[in-house]
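This is protein36.cif (mmCIF, C-alpha atoms).
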data_target
#
loop_
_atom_site.label_atom_id
_atom_site.label_comp_id
_atom_site.auth_asym_id
_atom_site.auth_seq_id
_atom_site.Cartn_x
_atom_site.Cartn_y
_atom_site.Cartn_z
CA MET A 141 -83.15 -10.50 -222.43
CA LYS A 142 -81.01 -11.20 -225.49
CA ASN A 143 -78.00 -9.86 -223.59
CA ILE A 144 -77.97 -12.54 -220.89
CA LYS A 145 -75.67 -14.69 -223.04
CA TYR A 146 -73.05 -11.93 -222.89
CA LEU A 147 -73.36 -11.82 -219.11
CA ILE A 148 -72.59 -15.54 -219.06
CA ALA A 149 -69.68 -15.09 -221.50
CA GLY A 150 -68.41 -12.33 -219.18
CA ILE A 151 -68.61 -14.65 -216.16
CA PHE A 152 -66.49 -17.17 -218.09
CA PHE A 153 -63.99 -14.45 -219.07
CA GLY A 154 -63.84 -13.13 -215.50
CA ILE A 155 -63.04 -16.56 -214.09
CA VAL A 156 -60.31 -17.02 -216.72
CA LEU A 157 -58.75 -13.59 -216.05
CA VAL A 158 -58.50 -14.43 -212.35
CA LYS A 159 -57.26 -18.01 -212.69
CA ALA A 160 -54.72 -17.01 -215.36
CA GLN A 161 -53.59 -14.32 -212.84
CA VAL A 162 -53.38 -11.66 -215.54
CA ILE A 163 -55.20 -9.26 -213.20
CA SER A 164 -52.41 -9.54 -210.62
CA TRP A 165 -50.40 -6.39 -209.97
CA PHE A 166 -47.45 -8.69 -209.22
CA ARG A 167 -47.64 -10.45 -212.61
CA ILE A 168 -47.72 -7.07 -214.38
CA GLN A 169 -44.57 -5.95 -212.53
CA GLU A 170 -42.86 -9.25 -213.50
CA MET A 171 -43.82 -8.73 -217.12
CA PHE A 172 -42.36 -5.22 -217.27
CA GLN A 173 -39.31 -6.18 -215.19
CA LEU A 174 -38.71 -9.15 -217.53
CA THR A 175 -38.45 -11.54 -214.59
CA SER A 176 -41.13 -14.06 -215.59
CA PHE A 177 -42.47 -15.54 -218.81
CA HIS A 178 -46.02 -15.93 -217.43
CA MET A 179 -47.73 -12.87 -218.99
CA TYR A 180 -45.92 -13.27 -222.31
CA GLY A 181 -47.08 -16.89 -222.37
CA VAL A 182 -50.72 -16.05 -221.65
CA ILE A 183 -50.94 -13.15 -224.13
CA GLY A 184 -48.92 -15.00 -226.81
CA VAL A 185 -51.04 -18.16 -226.63
CA GLY A 186 -54.19 -16.01 -226.44
CA VAL A 187 -53.29 -14.17 -229.66
CA ILE A 188 -52.36 -17.39 -231.48
CA THR A 189 -55.65 -19.02 -230.40
CA GLY A 190 -57.62 -15.96 -231.49
CA MET A 191 -55.74 -15.79 -234.81
CA ILE A 192 -56.43 -19.44 -235.67
CA SER A 193 -60.09 -19.05 -234.65
CA ILE A 194 -60.58 -16.01 -236.89
CA GLN A 195 -58.83 -17.73 -239.82
CA VAL A 196 -61.13 -20.75 -239.43
CA ILE A 197 -64.22 -18.51 -239.25
CA LYS A 198 -63.13 -16.61 -242.41
CA ARG A 199 -61.98 -19.63 -244.46
CA PHE A 200 -65.12 -21.65 -243.82
CA GLY A 201 -67.49 -18.68 -243.81
CA ILE A 202 -68.81 -19.71 -240.40
CA LYS A 203 -71.92 -17.80 -239.31
CA THR A 204 -73.14 -16.80 -235.83
CA PHE A 205 -75.25 -19.31 -233.85
CA ASP A 206 -78.39 -17.61 -235.18
CA GLY A 207 -77.16 -17.65 -238.78
CA GLN A 208 -75.94 -14.06 -239.24
CA PRO A 209 -72.72 -13.42 -241.22
CA ILE A 210 -69.63 -12.59 -239.14
CA THR A 211 -67.93 -9.30 -240.04
CA ILE A 212 -64.99 -7.80 -238.15
CA PRO A 213 -64.47 -4.04 -238.60
CA PRO A 214 -60.83 -3.14 -239.42
CA LYS A 215 -58.78 -0.91 -237.07
CA LYS A 216 -57.78 2.42 -238.60
CA PHE A 217 -54.39 3.89 -237.82
CA ASP A 218 -54.00 7.30 -236.25
CA LYS A 219 -51.40 8.90 -233.98
CA GLY A 220 -53.64 8.16 -230.99
CA GLN A 221 -52.39 4.59 -231.00
CA ILE A 222 -48.91 5.95 -230.27
CA PHE A 223 -49.67 8.76 -227.78
CA GLY A 224 -52.66 7.07 -226.17
CA GLY A 225 -50.85 3.74 -226.15
CA LEU A 226 -47.90 5.17 -224.24
CA ILE A 227 -50.20 6.90 -221.74
CA PHE A 228 -52.23 3.74 -221.15
CA GLY A 229 -49.04 1.67 -220.77
CA ILE A 230 -47.89 3.93 -217.93
CA GLY A 231 -51.24 3.48 -216.18
CA TRP A 232 -51.24 -0.29 -216.82
CA ALA A 233 -48.00 -0.76 -214.85
CA ILE A 234 -49.10 1.56 -212.02
CA THR A 235 -52.52 -0.02 -211.44
CA GLY A 236 -51.64 -3.54 -212.58
CA ALA A 237 -54.80 -3.46 -214.65
CA CYS A 238 -56.27 -2.72 -218.03
CA PRO A 239 -60.02 -1.98 -218.34
CA GLY A 240 -61.21 -5.63 -218.15
CA PRO A 241 -59.10 -6.49 -215.10
CA LEU A 242 -60.41 -3.36 -213.30
CA PHE A 243 -63.83 -5.05 -213.17
CA ALA A 244 -62.20 -8.36 -212.17
CA GLN A 245 -60.12 -6.81 -209.37
CA ILE A 246 -63.30 -5.34 -207.88
CA GLY A 247 -65.07 -8.71 -208.09
CA LEU A 248 -62.05 -10.39 -206.53
CA GLY A 249 -62.70 -8.33 -203.38
CA PHE A 250 -60.44 -5.29 -203.84
CA THR A 251 -63.40 -2.93 -203.75
CA VAL A 252 -61.19 0.15 -203.57
CA VAL A 253 -60.46 -0.42 -207.29
CA LEU A 254 -63.93 1.05 -207.79
CA ILE A 255 -62.17 4.41 -207.36
CA THR A 256 -59.68 3.46 -210.11
CA LEU A 257 -62.62 2.53 -212.36
CA LEU A 258 -64.41 5.83 -211.66
CA SER A 259 -61.19 7.68 -212.44
CA ALA A 260 -60.80 5.68 -215.68
CA ILE A 261 -64.35 6.74 -216.65
CA GLY A 262 -63.25 10.31 -215.83
CA GLY A 263 -60.19 9.87 -218.07
CA THR A 264 -62.37 8.70 -220.94
CA TRP A 265 -64.66 11.68 -220.39
CA VAL A 266 -61.75 14.13 -220.54
CA TYR A 267 -60.58 12.47 -223.76
CA GLY A 268 -64.07 13.02 -225.18
CA LEU A 269 -63.91 16.67 -224.16
CA TRP A 270 -60.49 17.22 -225.83
CA GLU A 271 -60.91 14.78 -228.71
CA LYS A 272 -60.86 17.42 -231.46
CA LYS A 273 -57.88 19.31 -230.01
CA LEU A 274 -55.61 16.27 -229.67
CA PRO A 275 -53.31 15.17 -232.53
CA HIS A 276 -54.72 12.15 -234.41
CA MET B 172 -66.90 -32.39 -207.79
CA GLN B 173 -63.67 -33.70 -209.29
CA ILE B 174 -63.83 -31.01 -211.97
CA ILE B 175 -64.17 -28.15 -209.46
CA HIS B 176 -61.15 -29.54 -207.66
CA PHE B 177 -59.23 -29.58 -210.94
CA ILE B 178 -60.10 -25.95 -211.74
CA GLN B 179 -59.16 -24.81 -208.23
CA GLN B 180 -55.50 -25.65 -208.80
CA PRO B 181 -53.16 -22.94 -210.12
CA TRP B 182 -53.45 -22.79 -213.93
CA HIS B 183 -50.62 -23.15 -216.41
CA TRP B 184 -50.16 -19.98 -218.47
CA ALA B 185 -50.95 -21.88 -221.68
CA ALA B 186 -54.38 -22.92 -220.36
CA GLY B 187 -55.16 -19.32 -219.47
CA GLY B 188 -53.96 -18.17 -222.89
CA VAL B 189 -56.10 -20.65 -224.84
CA LEU B 190 -59.25 -19.74 -222.88
CA ILE B 191 -58.65 -15.98 -223.27
CA GLY B 192 -58.07 -16.53 -227.00
CA LEU B 193 -61.28 -18.58 -227.31
CA THR B 194 -63.28 -15.61 -226.01
CA VAL B 195 -62.67 -14.01 -229.44
CA PRO B 196 -64.62 -16.65 -231.46
CA LEU B 197 -67.12 -17.09 -228.59
CA LEU B 198 -68.29 -13.46 -228.90
CA LEU B 199 -68.25 -13.61 -232.71
CA LEU B 200 -70.40 -16.75 -232.69
CA LEU B 201 -72.77 -15.51 -229.99
CA GLY B 202 -73.74 -12.44 -232.01
CA ASN B 203 -70.98 -11.05 -234.24
CA LYS B 204 -69.45 -9.07 -231.35
CA THR B 205 -65.80 -8.04 -231.25
CA LEU B 206 -63.96 -8.24 -227.94
CA GLY B 207 -63.11 -4.75 -226.66
CA ILE B 208 -63.61 -3.72 -223.08
CA SER B 209 -62.44 -0.09 -222.94
CA SER B 210 -65.48 0.87 -225.07
CA THR B 211 -67.64 0.27 -221.99
CA LEU B 212 -66.00 3.29 -220.32
CA ARG B 213 -67.17 5.46 -223.23
CA GLN B 214 -70.65 3.92 -223.00
CA ILE B 215 -70.86 4.74 -219.29
CA CYS B 216 -69.89 8.34 -220.10
CA ALA B 217 -72.49 8.51 -222.88
CA ALA B 218 -75.19 7.06 -220.62
CA CYS B 219 -74.43 9.02 -217.45
CA PHE B 220 -72.55 12.24 -218.28
CA PRO B 221 -72.86 13.05 -222.01
CA ALA B 222 -72.61 16.82 -221.25
CA ASP B 223 -73.38 17.70 -224.87
CA ILE B 224 -69.92 16.44 -225.98
CA SER B 225 -70.10 15.13 -229.55
CA PHE B 226 -67.86 12.12 -228.71
CA PHE B 227 -70.59 10.88 -226.37
CA LYS B 228 -73.54 11.50 -228.70
CA TYR B 229 -74.01 8.08 -230.26
CA ASP B 230 -76.34 5.13 -229.85
CA TRP B 231 -74.64 3.58 -226.80
CA LYS B 232 -77.68 1.37 -226.18
CA ALA B 233 -76.88 -0.53 -229.39
CA GLN B 234 -73.66 -1.63 -227.65
CA ALA B 235 -75.36 -2.55 -224.37
CA TRP B 236 -74.16 -6.16 -224.70
CA ASN B 237 -70.70 -4.99 -223.62
CA LEU B 238 -72.06 -3.66 -220.30
CA PHE B 239 -73.53 -7.11 -219.62
CA PHE B 240 -70.14 -8.62 -220.52
CA VAL B 241 -68.22 -6.49 -217.99
CA ALA B 242 -70.85 -7.10 -215.30
CA GLY B 243 -70.18 -10.78 -215.98
CA ILE B 244 -66.42 -10.24 -215.55
CA LEU B 245 -67.06 -8.78 -212.09
CA ILE B 246 -69.33 -11.70 -211.12
CA GLY B 247 -66.93 -14.25 -212.60
CA ALA B 248 -64.01 -12.84 -210.61
CA PHE B 249 -66.13 -12.99 -207.45
CA LEU B 250 -67.01 -16.63 -208.16
CA ALA B 251 -63.36 -17.47 -208.87
CA ALA B 252 -62.29 -15.91 -205.56
CA THR B 253 -65.10 -17.55 -203.59
CA PHE B 254 -65.21 -21.05 -205.06
CA LEU B 255 -62.11 -21.59 -207.20
CA ASN B 256 -59.30 -20.50 -204.92
CA GLY B 257 -58.78 -17.49 -207.22
CA ASN B 258 -57.23 -15.13 -204.69
CA ALA B 259 -54.71 -17.60 -203.28
CA PRO B 260 -51.14 -16.65 -202.26
CA ILE B 261 -49.03 -15.92 -205.33
CA GLU B 262 -45.53 -17.06 -206.22
CA VAL B 263 -43.58 -14.12 -207.58
CA ALA B 264 -40.19 -14.26 -209.31
CA ALA B 265 -37.31 -13.82 -206.86
CA ALA B 266 -35.81 -10.89 -208.76
CA THR B 267 -39.12 -9.01 -208.63
CA GLN B 268 -39.58 -9.86 -204.93
CA GLN B 269 -36.20 -8.28 -204.30
CA ARG B 270 -37.23 -5.07 -206.03
CA LEU B 271 -40.61 -4.98 -204.29
CA GLN B 272 -38.90 -5.37 -200.93
CA ALA B 273 -37.09 -2.13 -201.64
CA TYR B 274 -40.58 -0.61 -202.18
CA HIS B 275 -41.61 -2.03 -198.74
CA LEU B 276 -44.03 -4.52 -200.39
CA THR B 277 -43.75 -7.98 -198.83
CA ASN B 278 -47.31 -9.34 -198.63
CA TYR B 279 -47.87 -12.09 -201.24
CA SER B 280 -50.97 -13.60 -199.64
CA GLN B 281 -53.29 -12.34 -202.42
CA LEU B 282 -53.16 -11.50 -206.16
CA LEU B 283 -52.73 -7.78 -205.38
CA PRO B 284 -50.49 -6.26 -202.68
CA ALA B 285 -52.65 -5.34 -199.69
CA GLU B 286 -50.14 -2.59 -198.85
CA ILE B 287 -51.41 -0.64 -201.87
CA PHE B 288 -54.95 -1.85 -202.59
CA SER B 289 -56.88 -1.00 -199.44
CA TRP B 290 -59.44 1.69 -198.61
CA SER B 291 -57.20 3.05 -195.85
CA ASN B 292 -54.89 4.37 -198.61
CA LEU B 293 -57.63 6.29 -200.40
CA PHE B 294 -56.90 9.73 -198.98
CA THR B 295 -53.11 9.38 -199.08
CA TRP B 296 -50.52 10.12 -201.77
CA LYS B 297 -50.43 6.38 -202.46
CA GLY B 298 -54.17 6.36 -203.13
CA LEU B 299 -53.96 9.46 -205.32
CA ILE B 300 -51.21 7.88 -207.46
CA PHE B 301 -52.31 4.23 -207.64
CA PHE B 302 -56.09 4.74 -207.87
CA VAL B 303 -56.87 8.22 -209.12
CA ILE B 304 -53.95 9.03 -211.43
CA GLY B 305 -53.44 5.40 -212.53
CA GLY B 306 -57.13 5.04 -213.37
CA PHE B 307 -57.21 8.34 -215.26
CA LEU B 308 -54.26 7.26 -217.44
CA ILE B 309 -56.04 3.99 -218.28
CA GLY B 310 -59.28 5.71 -219.27
CA PHE B 311 -57.69 8.57 -221.19
CA GLY B 312 -54.98 6.45 -222.84
CA THR B 313 -57.15 3.57 -223.99
CA ARG B 314 -59.77 5.83 -225.55
CA TYR B 315 -57.10 7.96 -227.27
CA ALA B 316 -55.53 4.72 -228.55
CA GLY B 317 -58.93 3.46 -229.69
CA GLY B 318 -58.74 0.30 -227.61
CA CYS B 319 -56.98 -1.55 -224.83
CA THR B 320 -55.28 -4.87 -224.27
CA SER B 321 -58.45 -6.77 -225.21
CA GLY B 322 -59.46 -4.73 -228.25
CA HIS B 323 -55.99 -4.15 -229.73
CA SER B 324 -53.62 -6.77 -228.30
CA ILE B 325 -55.98 -9.77 -228.31
CA MET B 326 -58.73 -8.94 -230.86
CA GLY B 327 -56.74 -6.64 -233.16
CA LEU B 328 -53.60 -8.77 -233.33
CA SER B 329 -55.73 -11.91 -233.81
CA ASN B 330 -57.27 -10.21 -236.83
CA LEU B 331 -53.82 -9.17 -238.14
CA GLN B 332 -54.47 -5.43 -237.82
CA TRP B 333 -51.19 -3.51 -238.01
CA PRO B 334 -52.53 -0.43 -236.15
CA SER B 335 -53.17 -2.79 -233.23
CA LEU B 336 -49.54 -3.91 -233.38
CA VAL B 337 -48.44 -0.26 -233.16
CA ALA B 338 -50.79 0.23 -230.19
CA THR B 339 -49.53 -2.92 -228.44
CA ILE B 340 -45.88 -1.90 -228.87
CA CYS B 341 -46.71 1.48 -227.36
CA PHE B 342 -48.64 -0.12 -224.45
CA MET B 343 -45.53 -2.19 -223.72
CA ALA B 344 -43.13 0.76 -224.11
CA GLY B 345 -45.23 2.85 -221.70
CA GLY B 346 -45.36 -0.07 -219.27
CA PHE B 347 -41.60 -0.67 -219.36
CA PHE B 348 -40.91 2.99 -218.72
CA SER B 349 -43.49 3.09 -215.94
CA ALA B 350 -42.37 -0.09 -214.13
CA ASN B 351 -38.64 0.61 -214.38
CA VAL B 352 -38.43 4.38 -214.09
CA ILE B 353 -41.65 5.92 -212.74
CA ILE B 354 -42.68 3.31 -210.14
CA PRO B 355 -39.21 3.07 -208.48
CA TRP B 356 -39.21 6.85 -208.34
CA ILE B 357 -42.74 6.92 -206.81
CA PHE B 358 -41.76 4.50 -204.04
CA GLN B 359 -38.49 6.27 -203.38
CA TRP B 360 -40.49 9.42 -202.84
CA LEU B 361 -43.33 7.75 -200.84
CA ASN B 362 -40.94 5.90 -198.53
CA ALA B 363 -38.53 8.78 -198.06
#

Have the structure of the file written as structure tokens, please.
Amino acid sequence: MKNIKYLIAGIFFGIVLVKAQVISWFRIQEMFQLTSFHMYGVIGVGVITGMISIQVIKRFGIKTFDGQPITIPPKKFDKGQIFGGLIFGIGWAITGACPGPLFAQIGLGFTVVLITLLSAIGGTWVYGLWEKKLPH
Amino acid sequence: MQIIHFIQQPWHWAAGGVLIGLTVPLLLLLGNKTLGISSTLRQICAACFPADISFFKYDWKAQAWNLFFVAGILIGAFLAATFLNGNAPIEVAAATQQRLQAYHLTNYSQLLPAEIFSWSNLFTWKGLIFFVIGGFLIGFGTRYAGGCTSGHSIMGLSNLQWPSLVATICFMAGGFFSANVIIPWIFQWLNA
């Protein structure tokens, strides 16, 4: 049952996603229509907070709660970040959700988003099928 | 119960931002885990429909923590809606309201427009576009990009990874094109 702590962390994250309204289809439209600062504020402050946290962890060599060293794998560049990024961006504006918010929208009571989630799993599956044929 | 009352109010964007950002060190401290939610879609494929595809032949069970994390997101959102006034009426910028009115969307009583997100739309063109096609683009695009908003834009940018900056710029470019060109076109066609 070592994974229960991640369930609890997820509950915290789910509450935050809802109360920060980043899972709202309306907020996503505002962001891409440049009519509100809200989403830019949330994401900007989120990145700055994450950046400072990681710097502190690295500078002071902070370990996990059970004493293991913290290592963050680097992200490798390939063309997928461009093509895949553009494709995901189109879907983000249409659904008003990225993968995390899909789960949150369902929990919020919009159970029909389960269909969107199943389709997203289908999209990932098709990527897996075509992985070697796609430009990277 | 003063604290519950405090949390029930609408949150300032900065409070939301700080708490989302703090999830990065929380997961690192809990067990050296890096935030990244789209990976769970790959894990579900690997667990349920691997179909002998090499991309799905890996030790998904080693990443099982992430499945617990997303189950938590679902529960947390339910709790926020039930106890923390999470699905309250939303105030949307006037300029966006004007554009949405042209799409025939006028219901701001919840975080998502009920005119789109209801089961009665499932077997309509609206349902096909907003649920089936939209979802497919999310799943295909995030995996091709090697991450989503959490993995690239929050985790990757926090760790100063330039490929994540490229990905984030492309997420935004796709979103701008979608919201300003594709979505108006979809509604023009749906409401014709």

Problem - Matched chain/residue IDs from the PyMOL selection byres ((chain B and resi 186) around 10), as a VMD selection string - result: (chain A and resid 156 159 to 160 181 to 182 185 to 186) or (chain B and resid 182 to 185 187 to 192)

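Comparing B:Met172, B:Leu271, B:Val337, B:Leu283 by their smallest distance to Phe358 of chain B, the closest is B:Leu271 (using all atoms listed in the file).
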
Exercise for the section: Check what the PyMOL selection byres ((chain A and resi 164) around 9) selects in the file above and give those residues as a ChimeraX atom specification. Expected result: /A:158,161-163,165-169,236-237,241,245 /B:261,281-284

Problem - Residues near Leu328 of chain B, cut-off 12 Å, only C-alpha atoms, skip fewer than 2 positions along chain, as a ChimeraX atom specification - result: /A:183-192,194,214-215 /B:192,195,206,318-326,330-340

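Take atom CA of Gly345 of chain B and atom CA of Pro239 of chain A: the distance between them is 15.9 Å.
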
Practice task
Run through the PyMOL selection byres ((chain A and resi 230-235) around 6) on the given coordinates and return the selected residues as an MDAnalysis selection string.
Solution key: (chainID A and resid 227:229 236:238) or (chainID B and resid 301 305 308:309 345:346 349:350)

Problem - Contacts of Gly247 of chain A within 9 Å, all atoms listed in the file, excl. fewer than 4 positions in-chain, as a ChimeraX atom specification - result: /A:154,242-243,251 /B:244-252

Need the neighbours of (-50.2, 6.2, -207.4): which residues are at most 9 Å away, counting all atoms listed in the file, as a PDB file with C-alpha atoms, in the coordinates of the input?
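File out.pdb, as written:
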ATOM      1  CA  ILE A 234     -49.100   1.560-212.020  1.00  0.00           C
ATOM      2  CA  THR A 235     -52.520  -0.020-211.440  1.00  0.00           C
TER       3      THR A 235
ATOM      4  CA  ILE B 287     -51.410  -0.640-201.870  1.00  0.00           C
ATOM      5  CA  TRP B 296     -50.520  10.120-201.770  1.00  0.00           C
ATOM      6  CA  LYS B 297     -50.430   6.380-202.460  1.00  0.00           C
ATOM      7  CA  GLY B 298     -54.170   6.360-203.130  1.00  0.00           C
ATOM      8  CA  LEU B 299     -53.960   9.460-205.320  1.00  0.00           C
ATOM      9  CA  ILE B 300     -51.210   7.880-207.460  1.00  0.00           C
ATOM     10  CA  PHE B 301     -52.310   4.230-207.640  1.00  0.00           C
ATOM     11  CA  PHE B 302     -56.090   4.740-207.870  1.00  0.00           C
ATOM     12  CA  VAL B 303     -56.870   8.220-209.120  1.00  0.00           C
ATOM     13  CA  ILE B 304     -53.950   9.030-211.430  1.00  0.00           C
ATOM     14  CA  GLY B 305     -53.440   5.400-212.530  1.00  0.00           C
ATOM     15  CA  ILE B 354     -42.680   3.310-210.140  1.00  0.00           C
ATOM     16  CA  ILE B 357     -42.740   6.920-206.810  1.00  0.00           C
TER      17      ILE B 357
END

Give me, as a short mmCIF file (atom, residue, chain, number, x, y, z; two decimals) with C-alpha atoms, in the frame of the given file, all polymer residues having an atom no more than 6 Å from Tyr315 of chain B, counting all atoms listed in the file and skipping those fewer than 3 positions away in the same chain.
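Output saved as out-v7.cif:
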data_model
loop_
_atom_site.label_atom_id
_atom_site.label_comp_id
_atom_site.auth_asym_id
_atom_site.auth_seq_id
_atom_site.Cartn_x
_atom_site.Cartn_y
_atom_site.Cartn_z
CA GLY A 220 -53.64 8.16 -230.99
CA GLY A 224 -52.66 7.07 -226.17
CA GLY B 312 -54.98 6.45 -222.84
#

Fill in the blank from the handout: Between atom CA of Ala149 of chain A and atom CA of Asp206 of chain A lies a distance of 16.4 Å

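Nearest residue to chain A, choosing from B:Ser329, B:Ser210, B:Gln179, B:Gln359 and counting all atoms listed in the file: B:Ser329.
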
Tell me which protein, DNA and RNA residues are within 12 Å of Thr175 of chain A, counting all atoms listed in the file, leaving out same-chain ones fewer than 4 positions away, and put them as a PDB file with C-alpha atoms, in the coordinates of the input.
ATOM      1  CA  PHE A 166     -47.450  -8.690-209.220  1.00  0.00           C
ATOM      2  CA  ARG A 167     -47.640 -10.450-212.610  1.00  0.00           C
ATOM      3  CA  ILE A 168     -47.720  -7.070-214.380  1.00  0.00           C
ATOM      4  CA  GLN A 169     -44.570  -5.950-212.530  1.00  0.00           C
ATOM      5  CA  GLU A 170     -42.860  -9.250-213.500  1.00  0.00           C
ATOM      6  CA  MET A 171     -43.820  -8.730-217.120  1.00  0.00           C
ATOM      7  CA  MET A 179     -47.730 -12.870-218.990  1.00  0.00           C
ATOM      8  CA  TYR A 180     -45.920 -13.270-222.310  1.00  0.00           C
TER       9      TYR A 180
ATOM     10  CA  VAL B 263     -43.580 -14.120-207.580  1.00  0.00           C
ATOM     11  CA  ALA B 264     -40.190 -14.260-209.310  1.00  0.00           C
ATOM     12  CA  ALA B 265     -37.310 -13.820-206.860  1.00  0.00           C
ATOM     13  CA  ALA B 266     -35.810 -10.890-208.760  1.00  0.00           C
ATOM     14  CA  THR B 267     -39.120  -9.010-208.630  1.00  0.00           C
ATOM     15  CA  GLN B 268     -39.580  -9.860-204.930  1.00  0.00           C
ATOM     16  CA  GLN B 269     -36.200  -8.280-204.300  1.00  0.00           C
ATOM     17  CA  ARG B 270     -37.230  -5.070-206.030  1.00  0.00           C
TER      18      ARG B 270
END

Practice task
Kindly give the distance, in Å, that separates atom CA of Trp290 of chain B and atom CA of Thr264 of chain A, rounded to a single decimal.
Solution key: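 For atom CA of Trp290 of chain B relative to atom CA of Thr264 of chain A, the distance reads 23.6 Å.
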
Practice task
Name the closest residue to chain A among the candidates B:Asn362, B:Thr313, B:Gln180, B:Gln173; distances are taken between atoms, counting all atoms listed in the file.
Solution key: B:Thr313

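With all atoms listed in the file as the atoms that count, the minimum distance from chain A to the choices B:Ile208, B:Ala222, B:Leu361, B:Ala259 is reached by B:Ile208.
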
If you count only C-alpha atoms, which residues fall within 7 Å of Leu147 of chain A, apart from same-chain ones fewer than 3 positions away, as a PDB file with C-alpha atoms, in the coordinates of the input?
ATOM      1  CA  ASN A 143     -78.000  -9.860-223.590  1.00  0.00           C
ATOM      2  CA  ILE A 144     -77.970 -12.540-220.890  1.00  0.00           C
ATOM      3  CA  GLY A 150     -68.410 -12.330-219.180  1.00  0.00           C
ATOM      4  CA  ILE A 151     -68.610 -14.650-216.160  1.00  0.00           C
TER       5      ILE A 151
ATOM      6  CA  PHE B 239     -73.530  -7.110-219.620  1.00  0.00           C
ATOM      7  CA  PHE B 240     -70.140  -8.620-220.520  1.00  0.00           C
ATOM      8  CA  ALA B 242     -70.850  -7.100-215.300  1.00  0.00           C
ATOM      9  CA  GLY B 243     -70.180 -10.780-215.980  1.00  0.00           C
TER      10      GLY B 243
END

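Minimum atom-to-atom distance to chain A, evaluated using all atoms listed in the file, belongs to B:Ser209 out of B:Glu262, B:Trp356, B:Ser209, B:Asp230.
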
Missing atoms in segment 145-149 of chain A: fill them in up to all heavy atoms and send the result as an mmCIF file, keeping the file's coordinate frame.
data_model
loop_
_atom_site.group_PDB
_atom_site.id
_atom_site.type_symbol
_atom_site.label_atom_id
_atom_site.label_comp_id
_atom_site.auth_asym_id
_atom_site.auth_seq_id
_atom_site.Cartn_x
_atom_site.Cartn_y
_atom_site.Cartn_z
ATOM 1 N N LYS A 145 -76.770 -13.821 -222.591
ATOM 2 C CA LYS A 145 -75.670 -14.690 -223.040
ATOM 3 C C LYS A 145 -74.313 -13.983 -222.911
ATOM 4 O O LYS A 145 -73.307 -14.631 -222.661
ATOM 5 C CB LYS A 145 -75.903 -15.170 -224.471
ATOM 6 C CG LYS A 145 -76.044 -14.076 -225.495
ATOM 7 C CD LYS A 145 -76.475 -14.647 -226.850
ATOM 8 C CE LYS A 145 -76.679 -13.543 -227.850
ATOM 9 N NZ LYS A 145 -77.300 -14.020 -229.104
ATOM 10 N N TYR A 146 -74.321 -12.653 -223.038
ATOM 11 C CA TYR A 146 -73.050 -11.930 -222.890
ATOM 12 C C TYR A 146 -72.648 -11.809 -221.427
ATOM 13 O O TYR A 146 -71.463 -11.743 -221.107
ATOM 14 C CB TYR A 146 -73.151 -10.543 -223.540
ATOM 15 C CG TYR A 146 -73.459 -10.644 -225.013
ATOM 16 C CD1 TYR A 146 -74.688 -10.229 -225.516
ATOM 17 C CD2 TYR A 146 -72.534 -11.220 -225.890
ATOM 18 C CE1 TYR A 146 -74.983 -10.363 -226.862
ATOM 19 C CE2 TYR A 146 -72.826 -11.360 -227.233
ATOM 20 C CZ TYR A 146 -74.052 -10.935 -227.714
ATOM 21 O OH TYR A 146 -74.348 -11.075 -229.038
ATOM 22 N N LEU A 147 -73.648 -11.795 -220.545
ATOM 23 C CA LEU A 147 -73.360 -11.820 -219.110
ATOM 24 C C LEU A 147 -72.658 -13.136 -218.771
ATOM 25 O O LEU A 147 -71.658 -13.160 -218.053
ATOM 26 C CB LEU A 147 -74.655 -11.675 -218.306
ATOM 27 C CG LEU A 147 -74.471 -11.611 -216.786
ATOM 28 C CD1 LEU A 147 -74.089 -10.199 -216.352
ATOM 29 C CD2 LEU A 147 -75.729 -12.032 -216.044
ATOM 30 N N ILE A 148 -73.179 -14.215 -219.339
ATOM 31 C CA ILE A 148 -72.590 -15.540 -219.060
ATOM 32 C C ILE A 148 -71.185 -15.634 -219.664
ATOM 33 O O ILE A 148 -70.255 -16.125 -219.022
ATOM 34 C CB ILE A 148 -73.527 -16.656 -219.581
ATOM 35 C CG1 ILE A 148 -74.835 -16.611 -218.789
ATOM 36 C CG2 ILE A 148 -72.868 -18.031 -219.466
ATOM 37 C CD1 ILE A 148 -75.967 -17.395 -219.389
ATOM 38 N N ALA A 149 -71.016 -15.107 -220.886
ATOM 39 C CA ALA A 149 -69.680 -15.090 -221.500
ATOM 40 C C ALA A 149 -68.724 -14.269 -220.633
ATOM 41 O O ALA A 149 -67.558 -14.637 -220.452
ATOM 42 C CB ALA A 149 -69.751 -14.500 -222.915
#
